[in-house]
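Written below as structure tokens is the structure these notes are about.
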Amino acid sequence: MTASASPLVETLTELNIVDLLDSTGLSRLRGTPLRHLLRPTARRFARTAHEFDARVGAHGLAQGSAWLMDRMTGGIVTSGLQHVPPQGPVVILANHPGMTDTVALFTSLASRPDLRVIASDRPFLRALPNVARQLIFLPDEERGRMAVVRAAARHLQDGGALLTFPAGEIEPDPATFGAQRAAASLRNWSDSYALFARLTPRTRFVPALVSHVISPAAQRHPLTLLRRTARDKEKLAAALQVALPRYRDLVARVTFGQSPTAGPDEAQALGAAIAAQMRQLIDSHGAAQPNSPMVRPS
């Protein structure tokens, strides 16, 4: 059976249609012929997602993600990789501007094939079997979240690497929306990750900033005028960036900061140190980084 005819592609196509309708504010039209108009776009991305998942299964998360970055972006530049320990428990704390930020991080963290990711529980992610095995799903409801903490702590106690997004929601890309908005979003970061310092005292905490993943041109597309709020306009622009190849020429940037030295009983100090590091990364995101290697997807 070809990928285009597989049940998984059909499932992903249907989930994509739902997401596209939601992004355009037209969820109420799910049962109308509009679904058929969106199907070709939804199916194209479904095929890409299917191939991505197959490559993750065959070659691992980093190589599969590098393949996807090659198709969805103009490349990726990383810096600060020396701050990521090659072994031992580590928590990567990243901002979450959306789009290709997660796969940019997966690609950059090839040195940690033991990476697991705390991710929002979404049907699309659940539908990708190989990717889903790398994820620890975070439910929307409070109940069940302690199970997430226990699973993540066990992984760290085994010496693993963990990626989490403390904001718990989409944040502004500093390259598109400015450093001020990006820094302001740090106020929404949860410091619950400090619990891992008590559960696994050897854990290192490394901040990571992802930028240049949201297309400014897509944000100016005339269709965004159909949405009223800034958040809805940005959500629609992100959907357009997925659907239209002309918005995929961005070179993503991932920058890792220094690991704070706060101890396991210094949760407040750890949170403050991480926030300070992130602010520094945001302020310098546009500065030249001559020693940053270009990671070429393979």
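In the structure tokens, the first chain shown is A, the next is B, and so on; residue numbers restart at 1 for each chain, and ligands run from 1 in the order shown.
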
Distance query stretch 104-112 of chain A at most 10 Å, only C-alpha atoms, self and fewer than 2 positions along chain excluded, as a PDB file with C-alpha atoms, in the first residue's frame:
ATOM      1  CA  GLY A  60      15.563   8.154  15.047  1.00  0.00           C
ATOM      2  CA  LEU A  61      13.999  11.452  16.063  1.00  0.00           C
ATOM      3  CA  ALA A  62      16.936  13.695  15.131  1.00  0.00           C
ATOM      4  CA  GLN A  63      17.418  12.346  11.589  1.00  0.00           C
ATOM      5  CA  GLY A  64      13.701  12.224  10.903  1.00  0.00           C
ATOM      6  CA  SER A  65      13.402  15.822  12.085  1.00  0.00           C
ATOM      7  CA  ALA A  66      16.361  16.897   9.937  1.00  0.00           C
ATOM      8  CA  TRP A  67      14.534  15.489   6.904  1.00  0.00           C
ATOM      9  CA  LEU A  68      11.409  17.471   7.803  1.00  0.00           C
ATOM     10  CA  MET A  69      13.401  20.665   8.368  1.00  0.00           C
ATOM     11  CA  THR A  73      12.451  25.481   6.140  1.00  0.00           C
ATOM     12  CA  GLY A  75      17.830  25.230   7.039  1.00  0.00           C
ATOM     13  CA  ILE A  76      18.856  25.532  10.655  1.00  0.00           C
ATOM     14  CA  VAL A  77      21.669  27.245  12.546  1.00  0.00           C
ATOM     15  CA  THR A  78      22.586  26.138  16.057  1.00  0.00           C
ATOM     16  CA  SER A  79      24.867  27.624  18.693  1.00  0.00           C
ATOM     17  CA  LEU A  81      25.659  23.085  21.871  1.00  0.00           C
ATOM     18  CA  VAL A  84      24.198  20.473  26.431  1.00  0.00           C
ATOM     19  CA  PRO A  85      25.860  17.593  28.315  1.00  0.00           C
ATOM     20  CA  PRO A  86      26.417  14.544  26.064  1.00  0.00           C
ATOM     21  CA  GLN A  87      25.211  12.216  28.799  1.00  0.00           C
ATOM     22  CA  GLY A  88      23.481  12.293  32.179  1.00  0.00           C
ATOM     23  CA  VAL A  90      19.345  17.112  31.565  1.00  0.00           C
ATOM     24  CA  ILE A  92      16.064  21.443  28.062  1.00  0.00           C
ATOM     25  CA  ALA A  94      12.651  26.027  25.490  1.00  0.00           C
ATOM     26  CA  MET A  99       5.598  25.874  13.558  1.00  0.00           C
ATOM     27  CA  THR A 100       8.968  24.109  13.188  1.00  0.00           C
ATOM     28  CA  ASP A 101      10.363  24.985  16.625  1.00  0.00           C
ATOM     29  CA  THR A 102      10.024  21.456  18.005  1.00  0.00           C
ATOM     30  CA  ASP A 114      17.642   9.421  24.545  1.00  0.00           C
ATOM     31  CA  LEU A 115      15.574  12.630  24.261  1.00  0.00           C
ATOM     32  CA  ARG A 116      11.979  12.490  25.425  1.00  0.00           C
ATOM     33  CA  VAL A 117       9.554  15.381  25.145  1.00  0.00           C
ATOM     34  CA  GLY A 160      17.994  10.640  30.082  1.00  0.00           C
ATOM     35  CA  ALA A 161      17.401  13.968  28.360  1.00  0.00           C
ATOM     36  CA  LEU A 162      14.039  15.747  28.623  1.00  0.00           C
ATOM     37  CA  LEU A 163      12.632  18.631  26.573  1.00  0.00           C
ATOM     38  CA  ALA A 208      17.079  27.055  24.694  1.00  0.00           C
ATOM     39  CA  LEU A 209      15.786  29.818  22.434  1.00  0.00           C
ATOM     40  CA  VAL A 210      14.210  29.061  19.059  1.00  0.00           C
ATOM     41  CA  SER A 211      13.701  31.928  16.619  1.00  0.00           C
ATOM     42  CA  VAL A 213      10.516  29.979  12.551  1.00  0.00           C
ATOM     43  CA  ALA A 252      15.618  28.542  11.899  1.00  0.00           C
ATOM     44  CA  ARG A 253      17.946  29.394  14.741  1.00  0.00           C
ATOM     45  CA  VAL A 254      18.366  27.388  17.958  1.00  0.00           C
ATOM     46  CA  THR A 255      20.579  28.777  20.717  1.00  0.00           C
ATOM     47  CA  PHE A 256      21.391  26.940  23.945  1.00  0.00           C
ATOM     48  CA  VAL A 295      23.110  21.893  10.491  1.00  0.00           C
ATOM     49  CA  ARG A 296      22.355  20.354   7.115  1.00  0.00           C
ATOM     50  CA  PRO A 297      19.489  17.867   7.172  1.00  0.00           C
TER      51      PRO A 297
END

Sorted by chain and rising residue number, which residues of stretch 29-139 of chain A lie within 10 Å of stretch 16-23 of chain A, and what are their closest atom pairs and distances in Å to one decimal, counting only C-alpha atoms, as JSON lines?
{"residue": "A:Leu29", "atom": "CA", "partner": "A:Leu21", "partner_atom": "CA", "distance": 7.6}
{"residue": "A:Arg30", "atom": "CA", "partner": "A:Val18", "partner_atom": "CA", "distance": 7.2}
{"residue": "A:Leu34", "atom": "CA", "partner": "A:Leu21", "partner_atom": "CA", "distance": 9.0}
{"residue": "A:Arg35", "atom": "CA", "partner": "A:Ile17", "partner_atom": "CA", "distance": 6.7}
{"residue": "A:His36", "atom": "CA", "partner": "A:Ile17", "partner_atom": "CA", "distance": 9.1}
{"residue": "A:Leu37", "atom": "CA", "partner": "A:Ile17", "partner_atom": "CA", "distance": 9.6}
{"residue": "A:Leu38", "atom": "CA", "partner": "A:Ile17", "partner_atom": "CA", "distance": 6.4}
{"residue": "A:Arg39", "atom": "CA", "partner": "A:Ile17", "partner_atom": "CA", "distance": 6.6}
{"residue": "A:Pro40", "atom": "CA", "partner": "A:Ile17", "partner_atom": "CA", "distance": 9.6}
{"residue": "A:Thr41", "atom": "CA", "partner": "A:Ile17", "partner_atom": "CA", "distance": 8.5}
{"residue": "A:Ala42", "atom": "CA", "partner": "A:Asn16", "partner_atom": "CA", "distance": 5.2}
{"residue": "A:Arg43", "atom": "CA", "partner": "A:Asn16", "partner_atom": "CA", "distance": 7.8}
{"residue": "A:Arg44", "atom": "CA", "partner": "A:Asn16", "partner_atom": "CA", "distance": 9.9}
{"residue": "A:Phe45", "atom": "CA", "partner": "A:Asn16", "partner_atom": "CA", "distance": 7.9}
{"residue": "A:Ala46", "atom": "CA", "partner": "A:Asn16", "partner_atom": "CA", "distance": 7.3}
{"residue": "A:Phe124", "atom": "CA", "partner": "A:Asn16", "partner_atom": "CA", "distance": 7.9}

Any chance you can output those residues with C-alpha atoms as a PDB file, in the first residue's frame?
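File written: again.pdb
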ATOM      1  CA  LEU A  29     -18.439  24.438   8.653  1.00  0.00           C
ATOM      2  CA  ARG A  30     -16.916  21.014   9.262  1.00  0.00           C
ATOM      3  CA  LEU A  34     -15.600  23.355   2.311  1.00  0.00           C
ATOM      4  CA  ARG A  35     -13.931  20.202   3.633  1.00  0.00           C
ATOM      5  CA  HIS A  36     -13.422  19.019   0.045  1.00  0.00           C
ATOM      6  CA  LEU A  37     -11.730  22.296  -0.925  1.00  0.00           C
ATOM      7  CA  LEU A  38      -9.252  21.931   1.924  1.00  0.00           C
ATOM      8  CA  ARG A  39      -8.551  18.239   1.345  1.00  0.00           C
ATOM      9  CA  PRO A  40      -5.703  18.592  -1.230  1.00  0.00           C
ATOM     10  CA  THR A  41      -3.730  20.905   1.069  1.00  0.00           C
ATOM     11  CA  ALA A  42      -4.451  18.740   4.103  1.00  0.00           C
ATOM     12  CA  ARG A  43      -3.443  15.585   2.240  1.00  0.00           C
ATOM     13  CA  ARG A  44      -0.113  17.037   1.074  1.00  0.00           C
ATOM     14  CA  PHE A  45       0.899  17.817   4.632  1.00  0.00           C
ATOM     15  CA  ALA A  46      -0.447  14.441   5.815  1.00  0.00           C
ATOM     16  CA  PHE A 124      -2.368  14.671  15.451  1.00  0.00           C
TER      17      PHE A 124
END

So which residues touch A:Arg150 within 12 Å, counting only C-alpha atoms, skipping near sequence neighbours fewer than 3 positions away, as a list in words?
-> Ile118, Ile136, Leu138, Gly144, Arg145, Met146, Ala147, Ala153, Arg154, His155, Leu156, Gln157, Leu195, Phe196, Leu199 and Thr200 of chain A

Every residue of stretch 26-260 of chain A that DSSP places in strand (DSSP E), as a ChimeraX atom specification | /A:75-79,90-94,115-120,135-138,161-164,204-211,251-256

Got time to write the residues from that selection, N, CA and C atoms, as a tab-separated table (two decimals), in the first residue's frame?
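Output (again_15.tsv):
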chain	number	residue	atom	x	y	z
A	75	GLY	N	16.67	25.74	6.31
A	75	GLY	CA	17.83	25.23	7.04
A	75	GLY	C	17.75	25.56	8.51
A	76	ILE	N	18.82	25.28	9.22
A	76	ILE	CA	18.86	25.53	10.66
A	76	ILE	C	20.28	25.87	11.09
A	77	VAL	N	20.39	26.86	11.95
A	77	VAL	CA	21.67	27.25	12.55
A	77	VAL	C	21.57	27.02	14.05
A	78	THR	N	22.57	26.36	14.61
A	78	THR	CA	22.59	26.14	16.06
A	78	THR	C	23.82	26.77	16.68
A	79	SER	N	23.72	27.15	17.93
A	79	SER	CA	24.87	27.62	18.69
A	79	SER	C	24.68	27.25	20.15
A	90	VAL	N	19.39	15.71	31.94
A	90	VAL	CA	19.34	17.11	31.57
A	90	VAL	C	17.93	17.45	31.14
A	91	VAL	N	17.48	18.65	31.54
A	91	VAL	CA	16.19	19.19	31.12
A	91	VAL	C	16.45	20.39	30.22
A	92	ILE	N	15.98	20.31	28.98
A	92	ILE	CA	16.06	21.44	28.06
A	92	ILE	C	14.77	22.24	28.20
A	93	LEU	N	14.90	23.52	28.52
A	93	LEU	CA	13.74	24.40	28.73
A	93	LEU	C	13.68	25.40	27.58
A	94	ALA	N	12.68	25.24	26.72
A	94	ALA	CA	12.65	26.03	25.49
A	94	ALA	C	11.42	26.90	25.38
A	115	LEU	N	16.48	11.51	24.00
A	115	LEU	CA	15.57	12.63	24.26
A	115	LEU	C	14.12	12.18	24.31
A	116	ARG	N	13.43	12.62	25.35
A	116	ARG	CA	11.98	12.49	25.43
A	116	ARG	C	11.41	13.88	25.61
A	117	VAL	N	10.15	14.04	25.22
A	117	VAL	CA	9.55	15.38	25.14
A	117	VAL	C	8.21	15.40	25.86
A	118	ILE	N	8.03	16.38	26.75
A	118	ILE	CA	6.72	16.60	27.35
A	118	ILE	C	5.91	17.44	26.37
A	119	ALA	N	4.82	16.87	25.86
A	119	ALA	CA	4.05	17.52	24.79
A	119	ALA	C	2.57	17.53	25.12
A	120	SER	N	1.89	18.56	24.66
A	120	SER	CA	0.44	18.63	24.82
A	120	SER	C	-0.20	17.43	24.12
A	135	LEU	N	7.33	10.85	23.09
A	135	LEU	CA	6.63	11.91	23.82
A	135	LEU	C	6.05	11.42	25.14
A	136	ILE	N	5.98	12.32	26.09
A	136	ILE	CA	5.25	12.12	27.33
A	136	ILE	C	4.08	13.10	27.27
A	137	PHE	N	2.89	12.58	27.04
A	137	PHE	CA	1.74	13.44	26.77
A	137	PHE	C	1.22	14.10	28.05
A	138	LEU	N	1.04	15.42	27.94
A	138	LEU	CA	0.54	16.22	29.05
A	138	LEU	C	-0.95	16.48	28.83
A	161	ALA	N	17.60	12.56	28.70
A	161	ALA	CA	17.40	13.97	28.36
A	161	ALA	C	15.91	14.23	28.17
A	162	LEU	N	15.46	15.39	28.65
A	162	LEU	CA	14.04	15.75	28.62
A	162	LEU	C	13.90	17.15	28.06
A	163	LEU	N	12.95	17.32	27.13
A	163	LEU	CA	12.63	18.63	26.57
A	163	LEU	C	11.24	19.04	27.03
A	164	THR	N	11.12	20.27	27.53
A	164	THR	CA	9.81	20.75	27.97
A	164	THR	C	9.68	22.23	27.62
A	204	ARG	N	20.90	18.56	35.11
A	204	ARG	CA	21.30	19.87	34.60
A	204	ARG	C	20.10	20.50	33.91
A	205	PHE	N	20.02	21.82	33.93
A	205	PHE	CA	18.93	22.56	33.30
A	205	PHE	C	19.53	23.52	32.28
A	206	VAL	N	19.12	23.36	31.02
A	206	VAL	CA	19.71	24.15	29.94
A	206	VAL	C	18.60	24.92	29.21
A	207	PRO	N	18.65	26.25	29.21
A	207	PRO	CA	17.64	27.03	28.45
A	207	PRO	C	17.94	27.01	26.96
A	208	ALA	N	16.91	27.06	26.15
A	208	ALA	CA	17.08	27.06	24.69
A	208	ALA	C	16.11	28.05	24.07
A	209	LEU	N	16.62	28.85	23.15
A	209	LEU	CA	15.79	29.82	22.43
A	209	LEU	C	15.69	29.42	20.97
A	210	VAL	N	14.46	29.31	20.48
A	210	VAL	CA	14.21	29.06	19.06
A	210	VAL	C	13.64	30.33	18.44
A	211	SER	N	14.19	30.73	17.30
A	211	SER	CA	13.70	31.93	16.62
A	211	SER	C	13.78	31.72	15.11
A	251	VAL	N	15.47	30.32	7.73
A	251	VAL	CA	16.54	29.54	8.36
A	251	VAL	C	16.34	29.64	9.86
A	252	ALA	N	15.90	28.55	10.46
A	252	ALA	CA	15.62	28.54	11.90
A	252	ALA	C	16.91	28.67	12.70
A	253	ARG	N	16.78	29.26	13.86
A	253	ARG	CA	17.95	29.39	14.74
A	253	ARG	C	17.61	28.81	16.11
A	254	VAL	N	18.50	27.96	16.62
A	254	VAL	CA	18.37	27.39	17.96
A	254	VAL	C	19.62	27.73	18.74
A	255	THR	N	19.44	28.37	19.89
A	255	THR	CA	20.58	28.78	20.72
A	255	THR	C	20.40	28.23	22.13
A	256	PHE	N	21.42	27.50	22.60
A	256	PHE	CA	21.39	26.94	23.95
A	256	PHE	C	22.21	27.82	24.88

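Every protein or nucleic acid residue with an atom no more than 12 Å from A:Arg220, counting only C-alpha atoms and leaving out same-chain residues fewer than 5 positions away, appears here: Thr176, Ile214, Ser215, Leu225, Leu226, Ala230, Lys233, Glu234, Leu236, Ala237, Ala238, Leu240, Gln241 and Tyr247 of chain A.
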
Nearest to A:Arg246: which of A:Leu125, A:Ala58, A:Ala217, A:Ala152 is it, counting only C-alpha atoms?
->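 The answer is A:Ala217, which sits nearest to A:Arg246.
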
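Here atom CA of A:Pro260 and atom CA of A:Asp140 stand 29.8 Å from one another.
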
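The residue that comes closest to A:Arg181, out of A:Asp158, A:Glu169, A:Asp283, A:Glu142 and on the basis of only C-alpha atoms, is A:Asp283.
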
Near-A:Ala272 list (12 Å; only C-alpha atoms; drop same-chain fewer than 6 positions) as a PyMOL selection string = chain A and resi 186-187+189-191+194+207+260-262+266+278-279

Got time to write the residues from that selection, C-alpha atoms, as a CSV table (one decimal), in the first residue's frame?
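Listed below is the output, selection_27.csv:
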chain,number,residue,atom,x,y,z
A,186,LEU,CA,8.6,34.6,30.1
A,187,ARG,CA,6.3,35.8,32.8
A,189,TRP,CA,6.6,30.3,32.3
A,190,SER,CA,5.8,27.7,35.0
A,191,ASP,CA,8.7,26.9,37.4
A,194,ALA,CA,12.3,22.8,39.5
A,207,PRO,CA,17.6,27.0,28.5
A,260,PRO,CA,22.5,27.5,36.2
A,261,THR,CA,24.3,26.2,39.3
A,262,ALA,CA,21.3,26.4,41.6
A,266,GLU,CA,16.7,26.4,45.4
A,278,MET,CA,16.5,33.3,28.4
A,279,ARG,CA,16.3,37.1,28.5

Could you work out how far atom CA of A:Met72 lies from atom CA of A:Leu250, giving the answer in Å with one decimal?
-> 8.7 Å

Using only C-alpha atoms: which of A:Asn95, A:Ser192, A:Gln134, A:Thr13 has the shortest distance to A:Pro113 | A:Gln134
